[in-house]
Each structure stands twice: as C-alpha cells, then as structure tokens.
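Raw contents of my_file.cif, mmCIF, C-alpha atoms:
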```
data_input
loop_
_atom_site.group_PDB
_atom_site.id
_atom_site.type_symbol
_atom_site.label_atom_id
_atom_site.label_comp_id
_atom_site.auth_asym_id
_atom_site.auth_seq_id
_atom_site.Cartn_x
_atom_site.Cartn_y
_atom_site.Cartn_z
ATOM 1 C CA MET S 1 -52.855 224.920 52.501
ATOM 2 C CA SER S 2 -51.705 225.098 56.120
ATOM 3 C CA ASN S 3 -48.461 226.691 57.115
ATOM 4 C CA PRO S 4 -45.891 224.053 58.204
ATOM 5 C CA PHE S 5 -45.343 226.123 61.334
ATOM 6 C CA ASP S 6 -48.994 225.909 62.431
ATOM 7 C CA ALA S 7 -48.437 222.682 64.385
ATOM 8 C CA ARG S 8 -45.343 224.114 66.015
ATOM 9 C CA LYS S 9 -47.189 227.268 67.001
ATOM 10 C CA ALA S 10 -49.919 225.156 68.601
ATOM 11 C CA ARG S 11 -47.372 223.088 70.534
ATOM 12 C CA ALA S 12 -45.600 226.177 71.846
ATOM 13 C CA ALA S 13 -48.833 227.895 72.919
ATOM 14 C CA ALA S 14 -50.036 224.711 74.643
ATOM 15 C CA TRP S 15 -46.745 224.400 76.508
ATOM 16 C CA PHE S 16 -46.910 227.971 77.812
ATOM 17 C CA ALA S 17 -50.457 227.323 79.063
ATOM 18 C CA GLU S 18 -49.365 224.063 80.724
ATOM 19 C CA LEU S 19 -46.505 225.833 82.496
ATOM 20 C CA ARG S 20 -48.886 228.578 83.662
ATOM 21 C CA ASP S 21 -51.228 225.978 85.187
ATOM 22 C CA GLU S 22 -48.342 224.272 87.004
ATOM 23 C CA ILE S 23 -47.063 227.531 88.490
ATOM 24 C CA VAL S 24 -50.502 228.794 89.523
ATOM 25 C CA THR S 25 -51.189 225.501 91.307
ATOM 26 C CA ALA S 26 -47.828 225.624 93.120
ATOM 27 C CA PHE S 27 -48.300 229.255 94.200
ATOM 28 C CA GLU S 28 -51.802 228.651 95.549
ATOM 29 C CA ALA S 29 -50.489 225.631 97.477
ATOM 30 C CA LEU S 30 -47.805 227.880 98.975
ATOM 31 C CA GLU S 31 -50.521 230.302 100.078
ATOM 32 C CA GLU S 32 -52.486 227.480 101.715
ATOM 33 C CA SER S 33 -49.481 226.215 103.638
ATOM 34 C CA GLN S 34 -48.550 229.640 105.072
ATOM 35 C CA PRO S 35 -49.717 229.944 108.720
ATOM 36 C CA ASP S 36 -51.820 233.111 108.793
ATOM 37 C CA GLU S 37 -55.280 234.187 109.880
ATOM 38 C CA ALA S 38 -55.780 236.070 106.620
ATOM 39 C CA PRO S 39 -57.462 234.185 103.768
ATOM 40 C CA ALA S 40 -55.105 232.351 101.450
ATOM 41 C CA GLY S 41 -54.572 234.203 98.190
ATOM 42 C CA ARG S 42 -56.254 233.033 95.011
ATOM 43 C CA PHE S 43 -55.659 233.971 91.399
ATOM 44 C CA GLU S 44 -58.261 236.067 89.629
ATOM 45 C CA VAL S 45 -58.442 234.969 86.009
ATOM 46 C CA THR S 46 -59.384 237.406 83.244
ATOM 47 C CA GLU S 47 -59.411 236.906 79.500
ATOM 48 C CA THR S 48 -57.712 239.649 77.488
ATOM 49 C CA ARG S 49 -58.067 240.632 73.837
ATOM 50 C CA ARG S 50 -55.644 242.479 71.630
ATOM 51 C CA ALA S 51 -57.092 245.687 70.185
ATOM 52 C CA THR S 52 -57.019 246.466 66.459
ATOM 53 C CA GLU S 53 -58.207 249.507 64.552
ATOM 54 C CA ASP S 54 -60.593 247.506 62.357
ATOM 55 C CA GLY S 55 -61.892 245.252 65.111
ATOM 56 C CA SER S 56 -60.514 242.067 63.546
ATOM 57 C CA ASP S 57 -59.479 239.051 65.603
ATOM 58 C CA ALA S 58 -55.913 239.613 66.749
ATOM 59 C CA GLY S 59 -55.666 237.105 69.565
ATOM 60 C CA GLY S 60 -55.381 237.690 73.270
ATOM 61 C CA GLY S 61 -54.620 235.785 76.393
ATOM 62 C CA VAL S 62 -55.384 234.965 79.996
ATOM 63 C CA MET S 63 -54.302 237.205 82.860
ATOM 64 C CA SER S 64 -54.000 235.420 86.220
ATOM 65 C CA VAL S 65 -53.284 237.796 89.097
ATOM 66 C CA MET S 66 -53.212 237.269 92.864
ATOM 67 C CA ARG S 67 -53.287 240.305 95.156
ATOM 68 C CA GLY S 68 -52.976 240.583 98.923
ATOM 69 C CA GLY S 69 -52.121 236.979 99.660
ATOM 70 C CA ARG S 70 -50.377 235.548 102.693
ATOM 71 C CA VAL S 71 -47.082 235.088 100.843
ATOM 72 C CA PHE S 72 -47.588 237.066 97.638
ATOM 73 C CA GLU S 73 -48.433 240.756 97.771
ATOM 74 C CA LYS S 74 -48.979 240.700 94.015
ATOM 75 C CA VAL S 75 -48.164 238.031 91.462
ATOM 76 C CA GLY S 76 -49.213 237.706 87.855
ATOM 77 C CA VAL S 77 -48.845 234.663 85.613
ATOM 78 C CA ASN S 78 -50.047 235.661 82.158
ATOM 79 C CA ILE S 79 -50.179 233.817 78.858
ATOM 80 C CA SER S 80 -50.979 235.259 75.464
ATOM 81 C CA THR S 81 -51.153 234.317 71.816
ATOM 82 C CA VAL S 82 -51.423 237.300 69.483
ATOM 83 C CA TYR S 83 -51.224 237.681 65.734
ATOM 84 C CA GLY S 84 -51.990 239.955 62.821
ATOM 85 C CA ASN S 85 -49.993 242.620 61.019
ATOM 86 C CA LEU S 86 -47.277 244.642 62.687
ATOM 87 C CA GLY S 87 -47.627 248.410 62.543
ATOM 88 C CA ALA S 88 -45.008 250.642 60.971
ATOM 89 C CA ALA S 89 -43.069 251.211 64.203
ATOM 90 C CA ALA S 90 -42.990 247.499 65.040
ATOM 91 C CA GLN S 91 -41.965 246.634 61.459
ATOM 92 C CA LYS S 92 -39.083 249.058 61.764
ATOM 93 C CA ALA S 93 -38.055 247.506 65.071
ATOM 94 C CA MET S 94 -38.129 244.022 63.540
ATOM 95 C CA ALA S 95 -36.075 245.189 60.558
ATOM 96 C CA ALA S 96 -33.532 246.706 62.943
ATOM 97 C CA ARG S 97 -33.184 243.278 64.583
ATOM 98 C CA GLY S 98 -32.306 241.744 61.227
ATOM 99 C CA VAL S 99 -35.691 240.329 60.173
ATOM 100 C CA PRO S 100 -35.943 240.726 56.370
ATOM 101 C CA GLY S 101 -39.015 241.467 54.302
ATOM 102 C CA MET S 102 -41.250 242.950 56.993
ATOM 103 C CA GLU S 103 -42.245 245.866 54.761
ATOM 104 C CA ASP S 104 -43.582 243.421 52.149
ATOM 105 C CA ASP S 105 -45.340 240.979 54.495
ATOM 106 C CA PRO S 106 -45.831 242.315 58.041
ATOM 107 C CA ARG S 107 -47.698 239.285 59.422
ATOM 108 C CA PHE S 108 -46.617 237.989 62.819
ATOM 109 C CA TRP S 109 -47.596 235.493 65.522
ATOM 110 C CA ALA S 110 -46.327 235.509 69.097
ATOM 111 C CA SER S 111 -47.093 233.403 72.142
ATOM 112 C CA GLY S 112 -45.595 233.253 75.597
ATOM 113 C CA ILE S 113 -45.855 233.206 79.357
ATOM 114 C CA SER S 114 -44.868 236.115 81.583
ATOM 115 C CA LEU S 115 -44.572 235.970 85.366
ATOM 116 C CA VAL S 116 -43.677 238.586 87.966
ATOM 117 C CA ALA S 117 -44.024 238.073 91.736
ATOM 118 C CA HIS S 118 -43.787 240.746 94.429
ATOM 119 C CA MET S 119 -43.737 239.286 97.926
ATOM 120 C CA GLN S 120 -45.181 240.290 101.315
ATOM 121 C CA ASN S 121 -42.042 239.464 103.305
ATOM 122 C CA PRO S 122 -39.076 241.661 102.286
ATOM 123 C CA HIS S 123 -36.750 238.716 102.914
ATOM 124 C CA CYS S 124 -38.482 236.888 100.036
ATOM 125 C CA PRO S 125 -37.092 238.053 96.684
ATOM 126 C CA ALA S 126 -39.211 239.279 93.830
ATOM 127 C CA VAL S 127 -38.829 237.239 90.669
ATOM 128 C CA HIS S 128 -39.467 237.426 86.923
ATOM 129 C CA MET S 129 -39.807 234.648 84.358
ATOM 130 C CA ASN S 130 -40.774 234.827 80.708
ATOM 131 C CA THR S 131 -40.540 232.489 77.742
ATOM 132 C CA ARG S 132 -41.942 233.154 74.286
ATOM 133 C CA MET S 133 -41.984 232.202 70.631
ATOM 134 C CA PHE S 134 -42.191 234.731 67.794
ATOM 135 C CA TRP S 135 -42.936 233.944 64.148
ATOM 136 C CA THR S 136 -43.080 235.909 60.924
ATOM 137 C CA PRO S 137 -43.113 234.546 57.353
ATOM 138 C CA HIS S 138 -39.442 235.508 57.238
ATOM 139 C CA ALA S 139 -38.063 234.283 60.577
ATOM 140 C CA TRP S 140 -38.862 232.649 63.904
ATOM 141 C CA TRP S 141 -37.197 232.661 67.290
ATOM 142 C CA PHE S 142 -37.559 231.929 70.986
ATOM 143 C CA GLY S 143 -36.688 234.190 73.889
ATOM 144 C CA GLY S 144 -36.991 234.676 77.600
ATOM 145 C CA GLY S 145 -35.398 233.755 80.863
ATOM 146 C CA SER S 146 -35.668 234.056 84.607
ATOM 147 C CA ASP S 147 -34.064 236.457 87.085
ATOM 148 C CA LEU S 148 -34.108 236.976 90.846
ATOM 149 C CA ASN S 149 -34.683 240.403 92.383
ATOM 150 C CA PRO S 150 -34.049 240.466 96.142
ATOM 151 C CA CYS S 151 -34.163 243.711 98.078
ATOM 152 C CA ILE S 152 -32.222 241.950 100.847
ATOM 153 C CA GLU S 153 -29.724 239.614 99.243
ATOM 154 C CA TYR S 154 -28.669 236.271 100.710
ATOM 155 C CA ALA S 155 -25.655 234.770 98.973
ATOM 156 C CA GLU S 156 -26.938 231.227 99.418
ATOM 157 C CA ASP S 157 -30.218 232.124 97.687
ATOM 158 C CA THR S 158 -28.380 233.624 94.739
ATOM 159 C CA GLU S 159 -26.145 230.557 94.535
ATOM 160 C CA HIS S 160 -29.130 228.182 94.615
ATOM 161 C CA PHE S 161 -31.072 230.108 91.955
ATOM 162 C CA HIS S 162 -28.130 230.099 89.550
ATOM 163 C CA ALA S 163 -27.195 226.482 90.279
ATOM 164 C CA VAL S 164 -30.656 225.294 89.276
ATOM 165 C CA GLN S 165 -30.530 227.320 86.066
ATOM 166 C CA ALA S 166 -27.133 225.816 85.248
ATOM 167 C CA ARG S 167 -28.386 222.284 85.913
ATOM 168 C CA TYR S 168 -31.394 222.621 83.619
ATOM 169 C CA LEU S 169 -29.346 224.196 80.839
ATOM 170 C CA ALA S 170 -26.480 221.687 81.040
ATOM 171 C CA PRO S 171 -28.054 219.155 78.606
ATOM 172 C CA HIS S 172 -28.085 221.863 75.932
ATOM 173 C CA GLY S 173 -24.334 222.454 75.974
ATOM 174 C CA GLU S 174 -21.687 223.414 78.523
ATOM 175 C CA ALA S 175 -21.264 226.906 77.106
ATOM 176 C CA LEU S 176 -24.945 227.830 77.225
ATOM 177 C CA TYR S 177 -25.436 228.691 80.908
ATOM 178 C CA PRO S 178 -22.426 231.076 81.075
ATOM 179 C CA GLU S 179 -23.630 232.702 77.843
ATOM 180 C CA LEU S 180 -27.209 233.206 79.013
ATOM 181 C CA LYS S 181 -26.086 234.322 82.480
ATOM 182 C CA ALA S 182 -23.891 237.015 80.933
ATOM 183 C CA TRP S 183 -26.781 238.030 78.667
ATOM 184 C CA ALA S 184 -29.061 238.415 81.707
ATOM 185 C CA ASP S 185 -26.448 240.505 83.523
ATOM 186 C CA GLU S 186 -26.316 242.845 80.539
ATOM 187 C CA TYR S 187 -30.045 242.900 79.780
ATOM 188 C CA PHE S 188 -31.271 243.523 83.340
ATOM 189 C CA PHE S 189 -28.812 246.369 83.945
ATOM 190 C CA ILE S 190 -30.277 249.839 84.621
ATOM 191 C CA PRO S 191 -27.988 252.315 82.825
ATOM 192 C CA HIS S 192 -29.323 255.470 84.464
ATOM 193 C CA ARG S 193 -28.716 253.931 87.920
ATOM 194 C CA GLY S 194 -25.459 252.235 86.994
ATOM 195 C CA ARG S 195 -26.527 248.965 88.583
ATOM 196 C CA ALA S 196 -28.400 245.733 87.985
ATOM 197 C CA ARG S 197 -32.008 245.463 89.107
ATOM 198 C CA GLY S 198 -31.294 242.155 90.881
ATOM 199 C CA VAL S 199 -28.844 239.261 91.073
ATOM 200 C CA GLY S 200 -29.426 238.000 87.558
ATOM 201 C CA GLY S 201 -30.370 234.655 86.142
ATOM 202 C CA VAL S 202 -30.518 233.623 82.498
ATOM 203 C CA PHE S 203 -31.837 235.411 79.425
ATOM 204 C CA MET S 204 -31.916 234.908 75.669
ATOM 205 C CA ASP S 205 -33.539 236.597 72.707
ATOM 206 C CA ASP S 206 -33.751 235.929 68.964
ATOM 207 C CA ARG S 207 -32.873 232.274 69.584
ATOM 208 C CA ASN S 208 -32.847 230.505 66.233
ATOM 209 C CA SER S 209 -30.154 227.850 65.907
ATOM 210 C CA GLY S 210 -31.825 226.508 62.787
ATOM 211 C CA ASP S 211 -33.156 223.539 64.805
ATOM 212 C CA TRP S 212 -36.665 224.392 66.005
ATOM 213 C CA GLU S 213 -37.023 221.274 68.155
ATOM 214 C CA ALA S 214 -33.759 221.930 69.982
ATOM 215 C CA ASP S 215 -34.617 225.574 70.603
ATOM 216 C CA PHE S 216 -38.108 224.657 71.832
ATOM 217 C CA ALA S 217 -36.620 222.060 74.196
ATOM 218 C CA LEU S 218 -34.247 224.700 75.569
ATOM 219 C CA THR S 219 -37.119 227.128 76.075
ATOM 220 C CA GLN S 220 -39.081 224.454 77.926
ATOM 221 C CA ASP S 221 -36.161 223.732 80.246
ATOM 222 C CA ILE S 222 -35.838 227.424 81.092
ATOM 223 C CA GLY S 223 -39.483 227.276 82.110
ATOM 224 C CA ARG S 224 -39.127 223.983 83.987
ATOM 225 C CA ALA S 225 -36.235 225.382 86.018
ATOM 226 C CA PHE S 226 -38.356 228.153 87.499
ATOM 227 C CA LEU S 227 -40.203 226.408 90.338
ATOM 228 C CA PRO S 228 -37.238 224.374 91.661
ATOM 229 C CA ALA S 229 -35.083 227.506 91.485
ATOM 230 C CA TYR S 230 -37.553 229.764 93.281
ATOM 231 C CA LEU S 231 -39.794 227.809 95.652
ATOM 232 C CA PRO S 232 -37.051 226.577 98.029
ATOM 233 C CA ILE S 233 -35.939 230.175 98.553
ATOM 234 C CA ILE S 234 -39.461 231.240 99.497
ATOM 235 C CA GLU S 235 -39.875 228.237 101.786
ATOM 236 C CA THR S 236 -36.718 229.343 103.618
ATOM 237 C CA ARG S 237 -37.495 233.072 103.866
ATOM 238 C CA ARG S 238 -41.275 233.399 104.212
ATOM 239 C CA GLY S 239 -41.304 232.914 107.995
ATOM 240 C CA MET S 240 -38.554 235.431 108.811
ATOM 241 C CA ASP S 241 -39.386 238.441 110.969
ATOM 242 C CA TRP S 242 -39.406 241.887 109.383
ATOM 243 C CA GLY S 243 -40.370 245.435 110.295
ATOM 244 C CA ASP S 244 -40.540 248.985 109.006
ATOM 245 C CA SER S 245 -36.864 249.138 108.041
ATOM 246 C CA GLU S 246 -37.047 246.025 105.862
ATOM 247 C CA ARG S 247 -40.314 247.204 104.312
ATOM 248 C CA ASP S 248 -38.736 250.545 103.451
ATOM 249 C CA THR S 249 -35.819 248.752 101.780
ATOM 250 C CA GLN S 250 -38.286 246.648 99.804
ATOM 251 C CA LEU S 251 -40.316 249.627 98.559
ATOM 252 C CA ILE S 252 -37.223 251.529 97.450
ATOM 253 C CA HIS S 253 -35.937 248.488 95.582
ATOM 254 C CA ARG S 254 -39.308 248.121 93.869
ATOM 255 C CA GLY S 255 -38.789 251.613 92.492
ATOM 256 C CA LEU S 256 -35.788 250.253 90.572
ATOM 257 C CA TYR S 257 -37.916 247.442 89.211
ATOM 258 C CA ALA S 258 -40.613 249.848 88.031
ATOM 259 C CA GLU S 259 -38.058 252.130 86.376
ATOM 260 C CA TYR S 260 -36.529 249.261 84.454
ATOM 261 C CA ASN S 261 -39.808 247.823 83.232
ATOM 262 C CA LEU S 262 -41.170 251.164 82.069
ATOM 263 C CA VAL S 263 -37.986 252.476 80.461
ATOM 264 C CA TYR S 264 -36.071 249.495 79.082
ATOM 265 C CA ASP S 265 -38.039 246.248 79.031
ATOM 266 C CA ARG S 266 -38.626 245.066 75.440
ATOM 267 C CA GLY S 267 -41.694 243.029 76.339
ATOM 268 C CA THR S 268 -43.426 246.039 77.867
ATOM 269 C CA LYS S 269 -42.665 248.164 74.835
ATOM 270 C CA PHE S 270 -43.788 245.476 72.367
ATOM 271 C CA GLY S 271 -47.022 244.740 74.217
ATOM 272 C CA LEU S 272 -48.073 248.365 74.393
ATOM 273 C CA ALA S 273 -46.991 249.102 70.809
ATOM 274 C CA THR S 274 -48.990 246.199 69.379
ATOM 275 C CA GLY S 275 -52.250 246.962 71.188
ATOM 276 C CA HIS S 276 -52.264 244.202 73.806
ATOM 277 C CA ASP S 277 -54.303 244.757 76.972
ATOM 278 C CA ALA S 278 -52.455 247.439 78.954
ATOM 279 C CA ASN S 279 -53.344 245.888 82.326
ATOM 280 C CA ALA S 280 -51.815 242.600 81.230
ATOM 281 C CA VAL S 281 -48.706 244.281 79.839
ATOM 282 C CA LEU S 282 -48.203 246.338 83.019
ATOM 283 C CA MET S 283 -48.941 243.420 85.337
ATOM 284 C CA SER S 284 -45.216 243.406 86.148
ATOM 285 C CA LEU S 285 -45.395 246.652 88.099
ATOM 286 C CA PRO S 286 -45.331 246.355 91.898
ATOM 287 C CA PRO S 287 -48.450 247.241 93.911
ATOM 288 C CA LEU S 288 -46.482 249.758 95.990
ATOM 289 C CA ALA S 289 -43.080 251.356 95.449
ATOM 290 C CA LYS S 290 -41.105 254.253 96.869
ATOM 291 C CA TRP S 291 -38.617 256.818 95.603
ATOM 292 C CA VAL S 292 -36.365 258.834 97.922
#
```

Just give me the structure of the file as structure tokens.
Amino acid sequence: MSNPFDARKARAAAWFAELRDEIVTAFEALEESQPDEAPAGRFEVTETRRATEDGSDAGGGVMSVMRGGRVFEKVGVNISTVYGNLGAAAQKAMAARGVPGMEDDPRFWASGISLVAHMQNPHCPAVHMNTRMFWTPHAWWFGGGSDLNPCIEYAEDTEHFHAVQARYLAPHGEALYPELKAWADEYFFIPHRGRARGVGGVFMDDRNSGDWEADFALTQDIGRAFLPAYLPIIETRRGMDWGDSERDTQLIHRGLYAEYNLVYDRGTKFGLATGHDANAVLMSLPPLAKWV
C-alpha cells in the first residue's frame, strides 16, 4: 500500500528539478550575453549519491557547478532527494525541533534545491536561495528562502530584491513577507561578528500550516521570485569598473560568508551529518576568500 504522501513527494522533487533547469538556463544565457573574450561559463553536471554504512540506496542528487565564467566566478545550483533512516544525532535534532516518535520510527525523506552564486565583479552581489520539503512518518514541513549578500551595497538593489520578494509573497497573506523578512534577518545573523552576512531576504523553516497545497504553493513562489529579484541587479552591475580595492573588499566579505556557512548553517550541518556528498554540501563556499 503506497503512502498518501508519495505523490506529494514526487511533485515537490519534480518542482525543484524544474526550477533548477530554469535557473541554469538563465545563468548560462547571462554568460553568453556578457561581452568578454573569455569563453562563456557552462555548468558541469555531476550526479551525487548519499553514503550509508550498509551500502543501501539512500538517494542522491545532481550537482551543477559553473567555475570561472565571465559573470560568475563560482555558482552552484544543486538538487537532491535523499531518504532512509536518520542516525542518532539527527533523530535527537529532530526531536529537539518538536518532531515526535523519531526514536520509534526514524525514517525520513527530504528533497530540495540549493543555490549559491559568487560573482566576478565585486559590484555584483553574491546570493543564496534554497527551498526544500522534509517528511517523516510523524511530520512534514517546507523551508527555505533567498537572501542577498553584497560586499558593496547599493540601496536601490536592496530595495528591488525585497520588493520582488514582497510581491511574490503577497498572495499568501499580508503578514507573511514581514514575518519571513524578520526571520531571515535573525537567521542570517553572525553572532560572533555581531552583524548580518548580507542585506537579508526571506526565510522560513518547519512550515506546516496543516494545508500541504498552500505551503507547497508558497514554497514555489519563493523559488519563482528568485530570478526576477536577482537578474536585474546583475544586469545593472556586471559592467561596472572595479580594481584591487573592490576585489579586496569582496574577498574579505566572502570570509564572513564562509564563517556563517561552516559554523551556523543548518543545511550544511544536516547534509554532512546524514552522509550526503561533501562536495555538494560545501558547494556554497566561495572559491577564494580572505581574512585580515
């Protein structure tokens, strides 16, 4: 007898793959349109598998990474669908988040898309986007969001990025954008530096309103907002002149990004703890960074 959530899992995984294809196509088109003698960047696609102690099928994903492009210094757009039994540490973490019964039935299923872009031109902001669905026999939820990480901030870029997020979230309730913006401000804060890693965006976790269709639609709109929020900023900034000073500012800011992702990011911790491909999990790290 099939689980009633099987069809929903398939729909969610298919949507994440569809969004990945749309973003990869848009980013490669951006590379093509950038005037430069260097070859336009292309994504290298690699299948990944989740490791298990007994060698059983535990799912995996597709890692799509572009390095050394005209516009993108490094960008990854990964999708994954993983499943199996959570280990003791992960069960404890789930129990701490209020998921009941994990010690009796530790099965789980998770699927999502994760994107991080680090740009050649320091005037072009780095960006992160992630949406995901998590299921256990005891609970299900959606999570994710999108946030902008400029090393050189332009107020109009920040305003545009947030305005697009607000527009896409508006159909889901007037209170939602302010709530998810505040959540992003809190989540992407670096306590040991006493500052945010960027200019924020939207973020949610453990989203279960009791209406799966409504929560899935919200998750889709967070994903749909990404390209219209981000591409116009890159179109505006990618031709700006820059030199050693701007590059130095960019590399120092990337150090903040690396610190956050290695110390605080839940997705990084979960991926490594559950045996997913380490290269895919750590795709978010910048190619070069600097500490002073």

For this session: Just say which residues the PyMOL selection byres ((chain S and resi 185-191) around 9) picks in this file, as number ranges by chain.
Result: S: 147, 180-184, 192-203, 256, 259-260, 264-265

For the residues in that selection, give me C-alpha atoms as a PDB file, keeping the file's coordinate frame.
```
ATOM      1  CA  ASP S 147     -34.064 236.457  87.085  1.00  0.00           C
ATOM      2  CA  LEU S 180     -27.209 233.206  79.013  1.00  0.00           C
ATOM      3  CA  LYS S 181     -26.086 234.322  82.480  1.00  0.00           C
ATOM      4  CA  ALA S 182     -23.891 237.015  80.933  1.00  0.00           C
ATOM      5  CA  TRP S 183     -26.781 238.030  78.667  1.00  0.00           C
ATOM      6  CA  ALA S 184     -29.061 238.415  81.707  1.00  0.00           C
ATOM      7  CA  HIS S 192     -29.323 255.470  84.464  1.00  0.00           C
ATOM      8  CA  ARG S 193     -28.716 253.931  87.920  1.00  0.00           C
ATOM      9  CA  GLY S 194     -25.459 252.235  86.994  1.00  0.00           C
ATOM     10  CA  ARG S 195     -26.527 248.965  88.583  1.00  0.00           C
ATOM     11  CA  ALA S 196     -28.400 245.733  87.985  1.00  0.00           C
ATOM     12  CA  ARG S 197     -32.008 245.463  89.107  1.00  0.00           C
ATOM     13  CA  GLY S 198     -31.294 242.155  90.881  1.00  0.00           C
ATOM     14  CA  VAL S 199     -28.844 239.261  91.073  1.00  0.00           C
ATOM     15  CA  GLY S 200     -29.426 238.000  87.558  1.00  0.00           C
ATOM     16  CA  GLY S 201     -30.370 234.655  86.142  1.00  0.00           C
ATOM     17  CA  VAL S 202     -30.518 233.623  82.498  1.00  0.00           C
ATOM     18  CA  PHE S 203     -31.837 235.411  79.425  1.00  0.00           C
ATOM     19  CA  LEU S 256     -35.788 250.253  90.572  1.00  0.00           C
ATOM     20  CA  GLU S 259     -38.058 252.130  86.376  1.00  0.00           C
ATOM     21  CA  TYR S 260     -36.529 249.261  84.454  1.00  0.00           C
ATOM     22  CA  TYR S 264     -36.071 249.495  79.082  1.00  0.00           C
ATOM     23  CA  ASP S 265     -38.039 246.248  79.031  1.00  0.00           C
TER      24      ASP S 265
END
```

For this session: Quick one: everything within 12 Å of region 22-30 of chain S, counting all atoms listed in the file, minus sequence neighbours fewer than 2 positions away in the same chain. Send it as a VMD selection string.
Result: chain S and resid 15 to 20 32 to 36 39 to 45 63 to 67 69 to 72 74 to 79 113 to 117 119 129 223 to 228 230 to 232 234 to 235 238

Exercise. Distance CA of His128 (chain S)-CA of Ser146 (chain S), one decimal place?
Worked result: 5.6 Å

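Against this structure, the PyMOL selection byres ((chain S and resi 85) around 10) ends up with Thr52, Ala58, Tyr83, Gly84, Leu86, Gly87, Ala88, Ala90, Gln91, Met102, Asp105, Pro106, Arg107, Phe108, Trp109, Thr136 and Thr274 of chain S.
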
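The two atoms in question, CA of Phe161 (chain S) and CA of Gln220 (chain S), are spaced 17.1 Å apart.
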
Problem set entry | Resolved residues for the PyMOL selection byres ((chain S and resi 240) around 9) as a VMD selection string | chain S and resid 121 123 to 124 236 to 239 241 to 242

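Straight-line separation from CA of Val99 (chain S) to CA of Phe270 (chain S): 15.5 Å.
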
Exercise. Excluding same-chain residues fewer than 2 positions from Gly143 (chain S), what lies within 8 Å of it counting all atoms listed in the file, as an NGL selection string?
Worked result: :S and (130-133 or 141 or 145 or 203-207 or 219)

Problem set entry | Test item: residues at most 9 Å from Pro100 (chain S), all atoms listed in the file, excluding those fewer than 6 positions along its chain, as a VMD selection string | chain S and resid 94 138 to 139

Please produce a file of the residues just selected, as a PDB file, keeping the file's coordinate frame, where the atoms kept are C-alpha atoms.
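Wrote it out as out_11.pdb, contents follow:
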```pdb
ATOM      1  CA  MET S  94     -38.129 244.022  63.540  1.00  0.00           C
ATOM      2  CA  HIS S 138     -39.442 235.508  57.238  1.00  0.00           C
ATOM      3  CA  ALA S 139     -38.063 234.283  60.577  1.00  0.00           C
TER       4      ALA S 139
END
```

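Nearest-residue note for Gly61 (chain S): choosing from S:Asn149, S:Gln120, S:Ser111, S:Ser284, the minimum distance belongs to S:Ser111, counting all atoms listed in the file.
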
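Among the candidate residues S:Glu174, S:Asp277, S:Glu31, S:Asp248, the one lying nearest to Val292 (chain S) is S:Asp248, with distances computed using all atoms listed in the file.
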
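Compared by their closest atoms to His160 (chain S), and using all atoms listed in the file, the residues S:Ala229, S:Phe5, S:Ser245, S:Val82 rank with S:Ala229 nearest.
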
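Distance check against Pro150 (chain S) using all atoms listed in the file: of S:Arg97, S:Arg11, S:His118, S:Lys92, the minimum falls on S:His118.
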
For this session: Could you check which of S:Gly112, S:Glu153, S:Ala166, S:Leu218 is closest to Gly267 (chain S), using all atoms listed in the file?
Result: S:Gly112

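Distance check against Leu262 (chain S) using all atoms listed in the file: of S:Ala175, S:Leu282, S:Ala170, S:Arg49, the minimum falls on S:Leu282.
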